[in-house]
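Reproduced below: upload_31.cif, with mmCIF, C-alpha atoms (C1' of nucleotides) and all ligand atoms.
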data_my_file
loop_
_atom_site.label_atom_id
_atom_site.label_comp_id
_atom_site.auth_asym_id
_atom_site.auth_seq_id
_atom_site.Cartn_x
_atom_site.Cartn_y
_atom_site.Cartn_z
CA MET A 205 0.00 0.00 0.00
CA SER A 206 3.00 2.31 -0.29
CA GLN A 207 2.46 5.28 -2.59
CA SER A 208 4.83 6.21 -5.34
CA PRO A 209 7.27 8.95 -4.30
CA GLN A 210 5.34 11.56 -6.28
CA THR A 211 3.25 14.25 -4.63
CA ALA A 212 -0.33 13.39 -3.84
CA PRO A 213 -2.58 13.76 -6.88
CA ASP A 214 -4.60 16.95 -7.02
CA ALA A 215 -8.37 17.14 -7.45
CA LEU A 216 -8.07 17.02 -11.22
CA ALA A 217 -5.82 13.96 -11.30
CA GLN A 218 -8.13 12.19 -8.90
CA ARG A 219 -11.25 12.93 -10.90
CA LEU A 220 -9.58 11.82 -14.08
CA ALA A 221 -8.30 8.60 -12.52
CA HIS A 222 -11.77 7.95 -11.16
CA SER A 223 -13.00 7.89 -14.76
CA GLY A 224 -10.08 5.80 -15.96
CA LEU A 225 -8.48 8.79 -17.65
CA ARG A 226 -4.95 10.10 -17.47
CA SER A 227 -3.67 13.33 -16.14
CA THR A 228 -1.83 15.11 -18.93
CA PRO A 229 -0.05 18.45 -19.14
CA GLN A 230 -2.71 19.66 -21.57
CA ARG A 231 -5.58 18.78 -19.24
CA GLU A 232 -3.87 20.28 -16.23
CA VAL A 233 -2.96 23.56 -17.87
CA ILE A 234 -6.42 23.95 -19.36
CA TYR A 235 -8.06 23.37 -16.00
CA ASP A 236 -5.64 25.81 -14.33
CA VAL A 237 -6.44 28.43 -16.95
CA LEU A 238 -10.16 28.05 -16.25
CA LEU A 239 -9.63 28.35 -12.51
CA LYS A 240 -7.32 31.31 -12.78
CA LYS A 241 -9.58 33.61 -14.79
CA ARG A 242 -13.22 32.72 -14.35
CA ASP A 243 -14.69 34.87 -17.09
CA HIS A 244 -16.32 32.03 -19.04
CA PRO A 245 -13.86 31.89 -21.92
CA THR A 246 -14.61 30.23 -25.25
CA ALA A 247 -12.51 27.33 -26.51
CA ASP A 248 -10.59 29.78 -28.67
CA GLU A 249 -9.87 31.99 -25.70
CA VAL A 250 -8.78 29.00 -23.64
CA HIS A 251 -6.55 27.99 -26.52
CA ALA A 252 -4.91 31.41 -26.60
CA ARG A 253 -4.34 31.43 -22.83
CA VAL A 254 -3.02 27.90 -22.67
CA ARG A 255 -0.52 28.61 -25.40
CA THR A 256 1.58 30.74 -23.10
CA ASP A 257 2.38 27.52 -21.22
CA LEU A 258 2.03 25.01 -24.03
CA PRO A 259 2.84 26.86 -27.24
CA SER A 260 2.20 23.87 -29.49
CA ILE A 261 -1.15 22.69 -28.14
CA SER A 262 -3.77 22.27 -30.85
CA LEU A 263 -7.30 23.64 -30.82
CA ALA A 264 -8.59 20.08 -31.27
CA THR A 265 -6.88 19.13 -28.02
CA VAL A 266 -8.42 22.12 -26.27
CA TYR A 267 -11.85 20.93 -27.38
CA ASN A 268 -11.04 17.36 -26.34
CA CYS A 269 -9.78 18.39 -22.92
CA LEU A 270 -12.67 20.75 -22.24
CA GLU A 271 -15.06 17.96 -23.14
CA THR A 272 -13.20 15.66 -20.75
CA LEU A 273 -13.40 18.21 -17.93
CA VAL A 274 -17.13 18.60 -18.53
CA GLN A 275 -17.59 14.82 -18.44
CA CYS A 276 -15.70 14.66 -15.14
CA ASP A 277 -18.03 17.33 -13.69
CA LEU A 278 -15.20 19.73 -13.06
CA VAL A 279 -16.41 22.29 -15.57
CA ARG A 280 -19.77 23.39 -16.94
CA ALA A 281 -20.37 24.19 -20.59
CA VAL A 282 -22.43 27.37 -20.91
CA ASN A 283 -24.31 28.36 -24.03
CA PHE A 284 -26.03 31.56 -24.95
CA GLU A 285 -28.02 31.99 -28.13
CA ARG A 286 -25.90 30.03 -30.62
CA GLY A 287 -22.74 31.82 -29.57
CA PRO A 288 -19.59 29.78 -29.02
CA THR A 289 -19.71 27.53 -25.96
CA ARG A 290 -18.15 29.02 -22.83
CA TYR A 291 -16.59 27.14 -19.96
CA CYS A 292 -17.16 27.66 -16.25
CA PRO A 293 -15.37 25.98 -13.34
CA ASN A 294 -17.93 27.22 -10.77
CA LEU A 295 -19.63 24.08 -9.49
CA ARG A 296 -22.05 25.77 -7.13
CA PRO A 297 -25.63 26.08 -8.38
CA HIS A 298 -25.68 29.36 -10.22
CA ALA A 299 -27.34 31.25 -13.02
CA HIS A 300 -25.65 33.31 -15.72
CA PHE A 301 -26.07 36.95 -16.47
CA HIS A 302 -25.09 38.07 -19.96
CA ASP A 303 -24.25 41.71 -20.26
CA GLU A 304 -25.36 42.81 -23.70
CA GLN A 305 -23.11 45.85 -23.71
CA SER A 306 -19.83 44.18 -22.95
CA GLY A 307 -20.60 40.59 -23.91
CA SER A 308 -19.35 39.47 -20.50
CA THR A 309 -20.91 36.67 -18.49
CA HIS A 310 -21.35 36.78 -14.71
CA ASP A 311 -22.19 34.09 -12.19
CA ILE A 312 -25.29 34.64 -10.05
CA ASP A 313 -25.42 32.33 -7.06
CA LEU A 314 -28.75 30.62 -6.60
CA PRO A 315 -30.15 29.70 -3.18
CA ALA A 316 -31.33 26.10 -3.02
CA ASP A 317 -34.85 27.09 -2.09
CA LEU A 318 -35.22 29.11 -5.28
CA LEU A 319 -34.27 26.11 -7.39
CA GLU A 320 -36.92 24.14 -5.56
CA LYS A 321 -39.56 26.76 -6.26
CA VAL A 322 -38.58 26.83 -9.91
CA SER A 323 -38.74 23.06 -10.29
CA ALA A 324 -42.12 23.12 -8.55
CA VAL A 325 -43.72 24.72 -11.60
CA LEU A 326 -43.30 21.51 -13.55
CA PRO A 327 -46.59 19.65 -14.01
CA PRO A 328 -46.72 15.99 -12.97
CA GLY A 329 -45.05 13.76 -15.52
CA TYR A 330 -42.08 16.04 -16.00
CA ASP A 331 -38.89 14.84 -14.36
CA ALA A 332 -36.14 17.45 -14.70
CA LYS A 333 -32.51 16.39 -14.36
CA SER A 334 -31.28 19.97 -14.56
CA VAL A 335 -32.53 23.53 -14.63
CA GLU A 336 -30.76 26.42 -16.27
CA ILE A 337 -31.48 30.07 -15.60
CA THR A 338 -30.08 32.79 -17.82
CA PHE A 339 -30.47 36.53 -17.52
CA ARG A 340 -29.79 39.01 -20.24
CA GLY A 341 -29.43 42.73 -19.68
CA LYS A 342 -27.14 45.42 -18.48
CA ALA A 343 -24.72 45.19 -15.54
CA LEU A 344 -23.22 48.28 -13.96
CA LYS A 345 -19.47 48.76 -13.90
CA ASN A 346 -18.95 48.07 -10.21
CA SER A 347 -20.81 44.80 -10.61
CA GLU A 348 -18.39 43.84 -13.32
CA HIS A 349 -15.50 44.60 -11.02
CA ARG A 350 -16.98 42.54 -8.24
CA ALA A 351 -17.72 39.63 -10.56
CA ALA A 352 -14.29 39.61 -12.18
CA GLY A 353 -13.24 37.68 -9.13
CA SER A 354 -9.48 38.12 -9.41
CA LYS A 355 -9.41 39.92 -6.01
CA MET B 1295 -61.63 56.99 -43.21
CA SER B 1296 -63.10 54.38 -45.52
CA GLN B 1297 -61.08 51.16 -45.66
CA SER B 1298 -60.06 49.49 -48.85
CA PRO B 1299 -62.48 46.74 -49.92
CA GLN B 1300 -60.10 44.05 -48.63
CA THR B 1301 -60.76 42.16 -45.42
CA ALA B 1302 -59.42 43.71 -42.24
CA PRO B 1303 -55.72 42.97 -41.73
CA ASP B 1304 -54.97 40.10 -39.36
CA ALA B 1305 -52.68 40.35 -36.36
CA LEU B 1306 -49.64 39.50 -38.47
CA ALA B 1307 -50.35 42.11 -41.13
CA GLN B 1308 -50.92 44.72 -38.46
CA ARG B 1309 -47.70 43.95 -36.63
CA LEU B 1310 -45.75 44.03 -39.84
CA ALA B 1311 -47.31 47.32 -40.93
CA HIS B 1312 -46.52 48.75 -37.53
CA SER B 1313 -42.86 48.10 -38.26
CA GLY B 1314 -43.10 49.43 -41.80
CA LEU B 1315 -42.92 45.92 -43.25
CA ARG B 1316 -45.12 44.21 -45.79
CA SER B 1317 -47.33 41.25 -45.41
CA THR B 1318 -46.18 38.63 -47.90
CA PRO B 1319 -47.41 35.11 -48.71
CA GLN B 1320 -44.15 33.73 -47.34
CA ARG B 1321 -44.46 35.52 -44.01
CA GLU B 1322 -48.11 34.58 -43.64
CA VAL B 1323 -47.67 30.92 -44.41
CA ILE B 1324 -44.65 30.64 -42.12
CA TYR B 1325 -46.53 32.24 -39.25
CA ASP B 1326 -49.53 29.98 -39.89
CA VAL B 1327 -47.28 26.93 -39.86
CA LEU B 1328 -45.86 27.97 -36.48
CA LEU B 1329 -49.34 28.53 -35.03
CA LYS B 1330 -50.75 25.28 -36.39
CA LYS B 1331 -48.17 22.91 -34.90
CA ARG B 1332 -46.51 24.38 -31.85
CA ASP B 1333 -43.75 21.85 -31.43
CA HIS B 1334 -40.84 24.30 -31.67
CA PRO B 1335 -39.69 23.40 -35.18
CA THR B 1336 -36.27 24.29 -36.55
CA ALA B 1337 -35.89 26.49 -39.63
CA ASP B 1338 -35.44 23.33 -41.70
CA GLU B 1339 -38.63 21.86 -40.32
CA VAL B 1340 -40.51 25.08 -40.98
CA HIS B 1341 -39.12 25.05 -44.50
CA ALA B 1342 -40.39 21.50 -45.09
CA ARG B 1343 -43.85 22.33 -43.73
CA VAL B 1344 -44.19 25.58 -45.63
CA ARG B 1345 -43.30 23.88 -48.88
CA THR B 1346 -46.64 22.12 -49.02
CA ASP B 1347 -48.19 25.56 -49.56
CA LEU B 1348 -45.28 27.34 -51.24
CA PRO B 1349 -43.27 24.65 -53.00
CA SER B 1350 -40.62 27.04 -54.28
CA ILE B 1351 -39.84 28.98 -51.10
CA SER B 1352 -36.14 29.08 -50.29
CA LEU B 1353 -34.50 28.26 -46.98
CA ALA B 1354 -32.97 31.75 -46.97
CA THR B 1355 -36.46 33.23 -47.08
CA VAL B 1356 -37.54 30.99 -44.22
CA TYR B 1357 -34.64 32.33 -42.16
CA ASN B 1358 -35.44 35.90 -43.19
CA CYS B 1359 -39.12 35.58 -42.36
CA LEU B 1360 -38.50 33.87 -39.02
CA GLU B 1361 -36.12 36.66 -38.12
CA THR B 1362 -38.77 39.19 -39.09
CA LEU B 1363 -41.39 37.46 -36.93
CA VAL B 1364 -38.98 37.45 -34.00
CA GLN B 1365 -38.30 41.17 -34.48
CA CYS B 1366 -42.05 41.88 -34.51
CA ASP B 1367 -42.40 39.98 -31.22
CA LEU B 1368 -44.75 37.44 -32.71
CA VAL B 1369 -42.37 34.52 -32.27
CA ARG B 1370 -39.61 33.59 -29.86
CA ALA B 1371 -36.33 32.00 -30.91
CA VAL B 1372 -35.44 29.15 -28.57
CA ASN B 1373 -31.96 27.71 -28.25
CA PHE B 1374 -30.72 24.65 -26.48
CA GLU B 1375 -27.05 23.75 -26.24
CA ARG B 1376 -25.80 24.73 -29.70
CA GLY B 1377 -28.59 22.80 -31.40
CA PRO B 1378 -30.43 24.46 -34.27
CA THR B 1379 -32.62 27.40 -33.26
CA ARG B 1380 -36.27 26.51 -32.70
CA TYR B 1381 -39.25 28.82 -33.09
CA CYS B 1382 -42.13 29.29 -30.67
CA PRO B 1383 -45.28 31.39 -31.19
CA ASN B 1384 -46.29 31.17 -27.49
CA LEU B 1385 -46.04 34.73 -26.20
CA ARG B 1386 -46.99 34.00 -22.60
CA PRO B 1387 -44.12 33.90 -20.12
CA HIS B 1388 -43.00 30.29 -20.19
CA ALA B 1389 -40.02 28.02 -19.69
CA HIS B 1390 -38.93 25.17 -21.94
CA PHE B 1391 -38.59 21.54 -21.03
CA HIS B 1392 -36.32 19.49 -23.29
CA ASP B 1393 -37.02 15.80 -23.26
CA GLU B 1394 -33.69 14.07 -23.71
CA GLN B 1395 -35.28 10.82 -24.89
CA SER B 1396 -37.41 12.17 -27.69
CA GLY B 1397 -35.70 15.48 -28.36
CA SER B 1398 -39.06 17.21 -28.04
CA THR B 1399 -39.55 20.62 -26.44
CA HIS B 1400 -42.51 21.49 -24.21
CA ASP B 1401 -43.82 24.80 -22.93
CA ILE B 1402 -44.06 25.22 -19.16
CA ASP B 1403 -46.18 28.18 -18.16
CA LEU B 1404 -44.60 30.39 -15.52
CA PRO B 1405 -46.59 32.28 -12.91
CA ALA B 1406 -45.62 35.94 -12.71
CA ASP B 1407 -44.71 35.70 -9.05
CA LEU B 1408 -42.10 33.04 -9.81
CA LEU B 1409 -40.42 35.28 -12.35
CA GLU B 1410 -40.30 37.97 -9.71
CA LYS B 1411 -38.68 35.63 -7.21
CA VAL B 1412 -36.14 34.57 -9.78
CA SER B 1413 -35.23 38.11 -10.74
CA ALA B 1414 -34.94 38.94 -7.05
CA VAL B 1415 -31.74 36.87 -6.79
CA LEU B 1416 -29.90 39.46 -8.88
CA PRO B 1417 -27.53 41.58 -6.78
CA PRO B 1418 -27.85 45.35 -7.04
CA GLY B 1419 -26.28 46.66 -10.23
CA TYR B 1420 -27.74 43.91 -12.42
CA ASP B 1421 -30.62 45.05 -14.59
CA ALA B 1422 -32.12 42.08 -16.44
CA LYS B 1423 -34.16 42.69 -19.58
CA SER B 1424 -35.14 39.03 -19.83
CA VAL B 1425 -34.90 35.76 -17.96
CA GLU B 1426 -34.83 32.36 -19.54
CA ILE B 1427 -35.52 29.11 -17.73
CA THR B 1428 -34.77 25.77 -19.33
CA PHE B 1429 -35.33 22.29 -17.95
CA ARG B 1430 -33.75 19.14 -19.25
CA GLY B 1431 -34.93 15.67 -18.36
CA LYS B 1432 -37.52 13.06 -19.08
CA ALA B 1433 -41.20 13.65 -19.75
CA LEU B 1434 -43.75 10.87 -19.48
CA LYS B 1435 -45.83 9.90 -22.50
CA ASN B 1436 -49.10 11.43 -21.36
CA SER B 1437 -47.34 14.71 -20.79
CA GLU B 1438 -46.13 14.59 -24.34
CA HIS B 1439 -49.65 14.02 -25.58
CA ARG B 1440 -50.97 16.92 -23.56
CA ALA B 1441 -48.18 19.21 -24.68
CA ALA B 1442 -48.49 18.32 -28.36
CA GLY B 1443 -51.30 20.84 -28.27
CA SER B 1444 -53.10 19.82 -31.46
CA LYS B 1445 -56.34 19.19 -29.57
"C1'" DT C 203 -45.20 54.10 -67.05
"C1'" DT C 204 -41.11 54.81 -64.39
"C1'" DG C 205 -38.71 54.54 -60.54
"C1'" DC C 206 -38.14 53.22 -55.68
"C1'" DT C 207 -37.74 50.17 -52.37
"C1'" DA C 208 -38.88 45.87 -50.10
"C1'" DC C 209 -38.63 41.21 -50.63
"C1'" DT C 210 -37.12 36.72 -52.30
"C1'" DT C 211 -33.79 33.67 -54.10
"C1'" DA C 212 -29.62 30.43 -55.11
"C1'" DG C 213 -25.52 29.69 -53.91
"C1'" DA C 214 -21.23 31.04 -51.67
"C1'" DA C 215 -19.17 32.04 -47.40
"C1'" DC C 216 -18.75 31.65 -42.46
"C1'" DC C 217 -17.42 29.64 -38.25
"C1'" DA C 218 -17.73 26.80 -34.14
"C1'" DT C 219 -17.29 22.23 -33.66
"C1'" DT C 220 -16.48 17.39 -34.82
"C1'" DC C 221 -14.30 13.88 -37.33
"C1'" DC C 222 -10.40 11.41 -39.28
"C1'" DA C 223 -6.14 9.26 -39.87
"C1'" DA C 224 -1.63 9.50 -38.39
"C1'" DT C 225 1.62 10.12 -34.72
"C1'" DT C 226 3.23 10.28 -30.04
"C1'" DG C 227 3.47 8.82 -25.42
"C1'" DC C 228 2.24 6.04 -21.16
"C1'" DT C 229 1.96 1.71 -19.04
"C1'" DT C 230 2.21 -3.32 -18.83
"C1'" DC C 231 4.38 -7.19 -18.60
"C1'" DA C 232 7.21 -10.64 -20.78
"C1'" DT D 186 14.58 -3.46 -21.37
"C1'" DG D 187 11.48 -3.62 -25.12
"C1'" DA D 188 7.49 -4.86 -27.64
"C1'" DA D 189 2.60 -4.47 -27.41
"C1'" DG D 190 -1.44 -2.13 -26.53
"C1'" DC D 191 -4.04 1.56 -25.58
"C1'" DA D 192 -4.73 6.58 -24.49
"C1'" DA D 193 -4.01 11.05 -25.94
"C1'" DT D 194 -2.67 14.58 -29.14
"C1'" DT D 195 -2.39 16.60 -33.59
"C1'" DG D 196 -3.33 19.04 -38.31
"C1'" DG D 197 -6.37 19.20 -41.48
"C1'" DA D 198 -10.69 17.98 -43.66
"C1'" DA D 199 -15.52 17.75 -43.09
"C1'" DT D 200 -19.94 19.19 -41.04
"C1'" DG D 201 -23.99 21.83 -40.47
"C1'" DG D 202 -26.71 25.69 -39.08
"C1'" DT D 203 -26.74 30.24 -40.27
"C1'" DT D 204 -25.57 34.53 -42.67
"C1'" DC D 205 -24.07 37.01 -46.62
"C1'" DT D 206 -24.06 38.48 -51.46
"C1'" DA D 207 -25.57 39.72 -55.70
"C1'" DA D 208 -29.15 39.25 -58.81
"C1'" DG D 209 -33.96 38.97 -59.85
"C1'" DT D 210 -39.02 39.95 -58.66
"C1'" DA D 211 -42.84 42.41 -57.05
"C1'" DG D 212 -45.67 45.84 -54.77
"C1'" DC D 213 -46.32 50.80 -54.47
"C1'" DA D 214 -45.90 55.98 -55.37
"C1'" DA D 215 -45.50 59.60 -58.43
MN MN E 1501 -15.58 28.05 -28.70
MN MN E 1502 -32.58 25.69 -37.84
ZN ZN E 1503 -20.66 30.25 -14.47
ZN ZN E 1504 -42.17 27.72 -26.25
#
This entry written out as structure tokens:
Amino acid sequence: MSQSPQTAPDALAQRLAHSGLRSTPQREVIYDVLLKKRDHPTADEVHARVRTDLPSISLATVYNCLETLVQCDLVRAVNFERGPTRYCPNLRPHAHFHDEQSGSTHDIDLPADLLEKVSAVLPPGYDAKSVEITFRGKALKNSEHRAAGSK
Amino acid sequence: MSQSPQTAPDALAQRLAHSGLRSTPQREVIYDVLLKKRDHPTADEVHARVRTDLPSISLATVYNCLETLVQCDLVRAVNFERGPTRYCPNLRPHAHFHDEQSGSTHDIDLPADLLEKVSAVLPPGYDAKSVEITFRGKALKNSEHRAAGSK
DNA sequence: TTGCTACTTAGAACCATTCCAATTGCTTCA
DNA sequence: TGAAGCAATTGGAATGGTTCTAAGTAGCAA
């Protein structure tokens, strides 16, 4: 039962192993990039950011890795009106607010009781596995600052 | 103030006129098709249905007309996870339930007070112009029958 | 009629994403 | 240690819904 001399595997490595998948530099850097700047980047934006660490990573790999992270429930794919898919490492129940002016996307935490009330509108016979709530409108500057989250 | 000898303009013609647009056979038939079978068809599906009346209508025109109807607030464009846009003539406040099994989309009416509660989760500084609520899961057969809405 | 503009049309272009076939890289285990 | 086997990455082609473009058609005003 002795461990290998390497450091203990991080959350990512553990989740991957749990699904029979390997931890790779590409997967790790992509996940780090998502955690570091939580502004719901597109695959292209992730690609650009990851390239500072892995200059030769391909866009296909970025798509593959993002898909893997979504499968492992470490990341949520977020869509808004046929725009490119965005990626979000916030695992708490939350809604998304799309600022029409700036195109930015903000997390809105949702209390559990609200989700219950929302699901309660479903007539009998409807069994929802997930609910998604999306706002569209205008966010004031200071809200943007607060939501940028780099503090 | 005498009207022309034609019949009074229907809701569609009036809305179009209000926006300085013309009522055309293509726009009318497309809107009729949406009203007749409210199953959230894609542009392709609308195209196929409209062709029974207008065999030579182009897909580009279907897209153009659907866009026009959306602009006039007669139809809502509904998106789900990068799938093709679907079109919905239900103007009441409602959510959408996507049945993963069948791929069908059902309207879920929303009481006004729920929409208020949902919007109330927005922190100060967020001004939402619209809220969208989407469920994903499994709907039982009898629900599907009820929601098909042809009766 | 003539002109003006709105509307429709076929097909090209667009673009995010997926697919494909080839390569590279771990990991076993002889 | 090394061959096999499988996982993962890669560049480029293909996909598919949608939008664009340029040309034609049609209603309307003067
Ligand atoms: Mn993308
Ligand atoms: Mn479509
Ligand atoms: Zn988020
Ligand atoms: Zn609907």
Counting all atoms listed in the file, what residues are within 12 Å of ligand MN 1502 (chain E), given as a ChimeraX atom specification?
/A:286 /B:1334-1342,1353-1354,1356-1358,1360-1361,1371-1374,1376-1381 /D:201-203
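Separating CA of Leu1306 (chain B) from CA of Gly1397 (chain B) is a distance of 29.6 Å.
Here CA of Leu220 (chain A) is placed at a distance of 9.6 Å from CA of Gln275 (chain A).
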Got a sec to pull out which chain D residues are within 8 Å of chain A, counting all atoms listed in the file, and send them as a VMD selection string?
chain D and resid 192 194 to 195
Set the cut-off to 12 Å and count only C-alpha atoms (C1' of nucleotides): what are the residues of chain C that reach chain B? Output as a compact mmCIF listing (two decimals) with C-alpha atoms (C1' of nucleotides), in the coordinates of the input.
# COMPACT_ATOMS: atom_id res chain seq x y z
C1' DT C 207 -37.74 50.17 -52.37
C1' DA C 208 -38.88 45.87 -50.10
C1' DC C 209 -38.63 41.21 -50.63
C1' DT C 210 -37.12 36.72 -52.30
C1' DT C 211 -33.79 33.67 -54.10
C1' DA C 212 -29.62 30.43 -55.11
C1' DG C 213 -25.52 29.69 -53.91
C1' DA C 218 -17.73 26.80 -34.14
C1' DT C 219 -17.29 22.23 -33.66
Taking only C-alpha atoms into account, what are the residues of chain B at most 7 Å from chain A, put as a VMD selection string?
chain B and resid 1373 1375 to 1376 1402 1404 1415 to 1416 1419 to 1434 1437
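For DC231 (chain C), the list of residues within 12 Å, based on only C-alpha atoms (C1' of nucleotides) and with local chain neighbours fewer than 5 positions off taken out, reads DT186, DG187, DA188, DA189 and DG190 of chain D.
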Residue subset to file, keeping C-alpha atoms (C1' of nucleotides), as a compact mmCIF listing (two decimals), keeping the file's coordinate frame:
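As a result, part_24.txt now contains:
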# COMPACT_ATOMS: atom_id res chain seq x y z
C1' DT D 186 14.58 -3.46 -21.37
C1' DG D 187 11.48 -3.62 -25.12
C1' DA D 188 7.49 -4.86 -27.64
C1' DA D 189 2.60 -4.47 -27.41
C1' DG D 190 -1.44 -2.13 -26.53
